[in-house]
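K.L.:
Attaching a single structure in structure tokens format; questions to follow.
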Amino acid sequence: MAKNIVILGGGTGGTMVANHLAKGLNHEIKNGEVKLTMITAEEDHIYQPGYLFIAFGLQNPEHYVKKQKALVHPHVNLVIADATLIDKNKKVIKTNKGDFTYDYLVIGTGAIPRFDLIPGLPEAGDDFYTMEGALKLREKITNFQGGKIVITLGQPHKCPVAPIELYLMLHEFFEKKGIREKVELVYTYPLEEVHQAVKVAKWLKPELEKRNIRYVTQFVPAKVDPARKILTSKDGKEESFDLLISIPPHRGAKVIFDSKLGNEMGFIPTNQYTLKSEVDPSIYVVGDATAIQISKAGSTAHYESEYVAKNIEQELHGQTPTHFYDGKVFCFIEAGLEEGTYINMDYKNPPNPVPPSAMIHWFKHAFNEMYWMTARGLL
């Protein structure tokens with residue numbers, strides 16, 4: 001009887017796992033020994049880092065969207081459906097298109113922006129973490145003639161460097177427009193420093209200061225008054241605004257909550273080295289869906305997917321998995337509109353930004369174009 005491998009989630013991690021397995025198990029799939037299924041709720045696959053460039057009008061939305069069907073290997077049985085429950089005891093995934101059994105399950109259901117967790121934020125806040133939000137913000141930034149812009153961050157959130165990129169780009173955008181002196185930029189952060197990574201904070205603080213970007217630390221957003229345009233922190237600090245840009249707190253997918261597979265935030269307790277769920281050895285977890293204390297970023301899912309695919313292949317061949325994820329993450333950081341830096345880290349080595357340059361900026365843009373090769377498991 002064929003072994004069923006199901007990948008739940010069609011983001012970077014899930015797509016890469018599916019494509020790596022389709023190639024690595026080519027012989028077994030052709031012989032009917034293995035069946036590979038991907039379940040995802042969306043027909044479209046979106047390169048989410050592109051939202052930042054859409055918000056500044058630097059690229060059109062369609063540039064960052066492709067059909068999921070065009071990205072997955074022909075050996076993958078692609079199912080567009082809403083998963084409603086994972087029954088780990090029966091090894092069944094329930095969806096609105098029927099039930100799917102599995103021998104091995106890879107969960108890549110991501111992290112969901114939850115604007116609703118901060119009262120008033122859905123009505124008063126703009127964002128660049130959704131396509132709708134990026135398009136709306138593009139119009140507001142482009143037409144902004146002066147006033148106070150505040151950014152607020154909930155915890156945890158995807159792509160920890162994205163707020164940095166936004167603010168350094170906003171500074172340069174308004175400089176080029178000739179109205180920087182009319183714009184007050186305020187960067188709030190929920191922790192004691194301007195970033196949770198020590199060396200990133202050390203690099204960022206003088207970058208903010210020399211651009212005259214005011215920063216307020218230990219600012220945990222609690223509520224927003226849309227009528228008065230006031231953002232209030234949990235300890236009562238207030239910031240007025242003309243434009244509020246929010247990175248909301250993120251939580252796990254509804255199916256993870258409903259299936260009781262996650263922690264109180266809906267993220268799945270996962271062994272940081274094997275990437276197996278801590279409650280079921282037949283379940284692997286990739287990307288933002290894990291509760292591992294590491295950046296929720298596309299490159300995290302990218303590297304994790306390679307280890308997961310190799311380990312499943314070994315298990316199917318009756319071998320003990322030998323591939324252990326070392327926490328590798330690599331993130332480009334736009335340091336304005338024409339320069340960039342990057343951070344490279346793993347479990348033993350914390351991130352440390354390199355000096356910004358135009359070359360790194362263009363490397364970032366080159367990767368944006370090559371991402372589709374990455375998703376296909378070719379890069």
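Lettering and numbering for the structure tokens are positional, with chains as A, B, ... in the shown order, residues counted from 1 in each chain, and ligands counted from 1 in the shown order.
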Residues near range 106-108 of chain A, anyone? I mean within 6 Å using only C-alpha atoms, not counting same-chain ones fewer than 6 positions away, as a PyMOL selection string.

P.N.:
chain A and resi 7-9+14+283-286+289

K.L.:
Print the selection's residues with C-alpha atoms to a file, as a tab-separated table (two decimals), in the first residue's frame.

P.N.:
chain	number	residue	atom	x	y	z
A	7	ILE	CA	1.86	18.87	3.09
A	8	LEU	CA	-0.58	21.27	4.71
A	9	GLY	CA	0.09	24.86	3.64
A	14	GLY	CA	5.29	23.81	2.27
A	283	ILE	CA	4.32	15.27	11.99
A	284	TYR	CA	7.01	17.68	10.80
A	285	VAL	CA	6.58	21.46	11.09
A	286	VAL	CA	8.20	24.19	8.96
A	289	ALA	CA	3.94	27.50	12.18

K.L.:
Just the strand (DSSP E or B) stuff from range 192-334 of chain A, please, per backbone DSSP, written as a PDB file with C-alpha atoms, in the first residue's frame.

P.N.:
ATOM      1  CA  ARG A 214      12.397  59.271  17.060  1.00  0.00           C
ATOM      2  CA  TYR A 215      12.188  55.904  18.762  1.00  0.00           C
ATOM      3  CA  VAL A 216      10.168  54.836  21.789  1.00  0.00           C
ATOM      4  CA  PRO A 221       0.416  48.519  21.911  1.00  0.00           C
ATOM      5  CA  ALA A 222      -2.805  48.092  23.880  1.00  0.00           C
ATOM      6  CA  LYS A 223      -5.489  50.077  22.050  1.00  0.00           C
ATOM      7  CA  VAL A 224      -6.129  52.719  19.428  1.00  0.00           C
ATOM      8  CA  ASP A 225      -8.654  55.542  19.515  1.00  0.00           C
ATOM      9  CA  ILE A 230      -4.223  58.182  19.648  1.00  0.00           C
ATOM     10  CA  LEU A 231      -2.201  54.992  20.123  1.00  0.00           C
ATOM     11  CA  THR A 232      -1.907  53.853  23.753  1.00  0.00           C
ATOM     12  CA  SER A 233       0.568  51.370  25.212  1.00  0.00           C
ATOM     13  CA  GLU A 238       0.324  57.740  24.262  1.00  0.00           C
ATOM     14  CA  GLU A 239       1.371  58.682  20.742  1.00  0.00           C
ATOM     15  CA  SER A 240      -0.804  60.776  18.482  1.00  0.00           C
ATOM     16  CA  LEU A 243      -0.841  57.877   9.817  1.00  0.00           C
ATOM     17  CA  LEU A 244      -0.531  54.700  11.908  1.00  0.00           C
ATOM     18  CA  ILE A 245       1.329  51.786  10.336  1.00  0.00           C
ATOM     19  CA  SER A 246       0.891  48.556  12.232  1.00  0.00           C
ATOM     20  CA  ILE A 247       2.648  45.243  12.370  1.00  0.00           C
ATOM     21  CA  HIS A 250       0.593  37.161  14.796  1.00  0.00           C
ATOM     22  CA  ARG A 251      -0.995  33.886  15.805  1.00  0.00           C
ATOM     23  CA  GLY A 252      -1.148  30.368  14.416  1.00  0.00           C
ATOM     24  CA  ILE A 268       3.285  24.136  17.304  1.00  0.00           C
ATOM     25  CA  THR A 270       8.624  21.600  17.607  1.00  0.00           C
ATOM     26  CA  LYS A 276       9.288  17.132  14.347  1.00  0.00           C
ATOM     27  CA  SER A 277       6.216  18.041  16.348  1.00  0.00           C
ATOM     28  CA  ILE A 283       4.320  15.272  11.987  1.00  0.00           C
ATOM     29  CA  TYR A 284       7.007  17.682  10.803  1.00  0.00           C
ATOM     30  CA  VAL A 285       6.576  21.460  11.085  1.00  0.00           C
ATOM     31  CA  THR A 290       6.602  26.332  14.645  1.00  0.00           C
ATOM     32  CA  VAL A 329      18.513  32.186   8.730  1.00  0.00           C
ATOM     33  CA  PHE A 330      19.601  34.782   6.176  1.00  0.00           C
ATOM     34  CA  CYS A 331      17.734  38.061   5.736  1.00  0.00           C
ATOM     35  CA  PHE A 332      18.387  41.019   3.468  1.00  0.00           C
ATOM     36  CA  ILE A 333      17.574  44.432   4.976  1.00  0.00           C
ATOM     37  CA  GLU A 334      16.801  47.455   2.852  1.00  0.00           C
TER      38      GLU A 334
END

K.L.:
When you draw a straight line from CA of Ala134 in chain A to CA of Asp242 in chain A, how long is it in Å?

P.N.:
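Value for the CA of Ala134 in chain A-CA of Asp242 in chain A distance: 17.5 Å.
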
K.L.:
Within 8 Å of range 254-267 of chain A, counting only C-alpha atoms, which residues qualify if same-chain residues fewer than 6 places away don't, as number ranges by chain?

P.N.:
A: 83-87, 279, 288-291

K.L.:
Skip Pro350 in chain A itself and residues of its chain fewer than 3 positions away, then list as a ChimeraX atom specification all residues within 8 Å of it, counting only C-alpha atoms.

P.N.:
/A:197,199,344-347

K.L.:
Go ahead and write the residues just picked, N, CA and C atoms, as a PDB file, in the first residue's frame.

P.N.:
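Saved the output as selection_35.pdb:
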ATOM      1  N   ALA A 197      17.280  41.608  18.638  1.00  0.00           N
ATOM      2  CA  ALA A 197      18.642  41.110  18.453  1.00  0.00           C
ATOM      3  C   ALA A 197      19.631  42.205  18.853  1.00  0.00           C
ATOM      4  N   LYS A 199      22.868  42.936  18.420  1.00  0.00           N
ATOM      5  CA  LYS A 199      23.738  43.597  17.448  1.00  0.00           C
ATOM      6  C   LYS A 199      22.941  44.347  16.382  1.00  0.00           C
ATOM      7  N   ASN A 344      22.981  37.210   8.940  1.00  0.00           N
ATOM      8  CA  ASN A 344      23.157  35.773   8.753  1.00  0.00           C
ATOM      9  C   ASN A 344      23.317  35.178  10.143  1.00  0.00           C
ATOM     10  N   MET A 345      22.526  34.186  10.499  1.00  0.00           N
ATOM     11  CA  MET A 345      22.558  33.689  11.875  1.00  0.00           C
ATOM     12  C   MET A 345      22.232  32.201  11.923  1.00  0.00           C
ATOM     13  N   ASP A 346      22.518  31.607  13.068  1.00  0.00           N
ATOM     14  CA  ASP A 346      22.062  30.257  13.370  1.00  0.00           C
ATOM     15  C   ASP A 346      21.921  30.155  14.890  1.00  0.00           C
ATOM     16  N   TYR A 347      21.701  28.943  15.391  1.00  0.00           N
ATOM     17  CA  TYR A 347      21.457  28.806  16.828  1.00  0.00           C
ATOM     18  C   TYR A 347      22.650  29.265  17.675  1.00  0.00           C
TER      19      TYR A 347
END

K.L.:
Within 10 Å of His195 in chain A, counting only C-alpha atoms, which residues show up once you throw out same-chain ones fewer than 5 positions away? Write them as a list of chain:residue names, please.

P.N.:
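Near neighbours after the sequence-gap exclusion: A:Pro160, A:Val161, A:Pro163, A:Ile164, A:Tyr189, A:Pro190, A:Val200, A:Ala201, A:Lys202, A:Trp203, A:Leu204, A:Lys205, A:Thr217.
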
K.L.:
Produce a table with one row for each residue of range 176-244 of chain A that has an atom at most 6 Å from any atom of range 139-159 of chain A, each row naming the nearest atom pair and its distance in Å at one decimal; use only C-alpha atoms; arrange rows by chain and rising residue number; format as JSON lines.

P.N.:
{"residue": "A:Lys182", "atom": "CA", "partner": "A:Gly146", "partner_atom": "CA", "distance": 4.8}
{"residue": "A:Val183", "atom": "CA", "partner": "A:Gly146", "partner_atom": "CA", "distance": 4.9}
{"residue": "A:Glu184", "atom": "CA", "partner": "A:Lys148", "partner_atom": "CA", "distance": 4.6}
{"residue": "A:Leu185", "atom": "CA", "partner": "A:Ile149", "partner_atom": "CA", "distance": 5.1}
{"residue": "A:Val186", "atom": "CA", "partner": "A:Val150", "partner_atom": "CA", "distance": 4.8}
{"residue": "A:Tyr187", "atom": "CA", "partner": "A:Ile151", "partner_atom": "CA", "distance": 5.4}
{"residue": "A:Thr188", "atom": "CA", "partner": "A:Thr152", "partner_atom": "CA", "distance": 5.5}
{"residue": "A:Phe241", "atom": "CA", "partner": "A:Lys148", "partner_atom": "CA", "distance": 5.2}
{"residue": "A:Asp242", "atom": "CA", "partner": "A:Lys148", "partner_atom": "CA", "distance": 5.2}
{"residue": "A:Leu243", "atom": "CA", "partner": "A:Ile149", "partner_atom": "CA", "distance": 4.8}
{"residue": "A:Leu244", "atom": "CA", "partner": "A:Val150", "partner_atom": "CA", "distance": 5.0}

K.L.:
To one decimal place, how far is CA of His361 in chain A from CA of Glu338 in chain A in Å?

P.N.:
6.3 Å

K.L.:
State, in Å with one decimal place, the distance from CA of Arg376 in chain A to CA of Val92 in chain A.

P.N.:
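Going from CA of Arg376 in chain A over to CA of Val92 in chain A, I get 26.8 Å.
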
K.L.:
Fewer than 6 positions away in the same chain doesn't count, so skip those; otherwise give me all residues within 7 Å of Leu137 in chain A, counting only C-alpha atoms, as a count of residues only.

P.N.:
4

K.L.:
Using only C-alpha atoms for the distances, tell me which of A:Tyr129, A:Tyr273, A:Tyr47, A:Phe174 is nearest to Lys328 in chain A.

P.N.:
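The shortest atom-to-atom distance to Lys328 in chain A comes from A:Tyr273.
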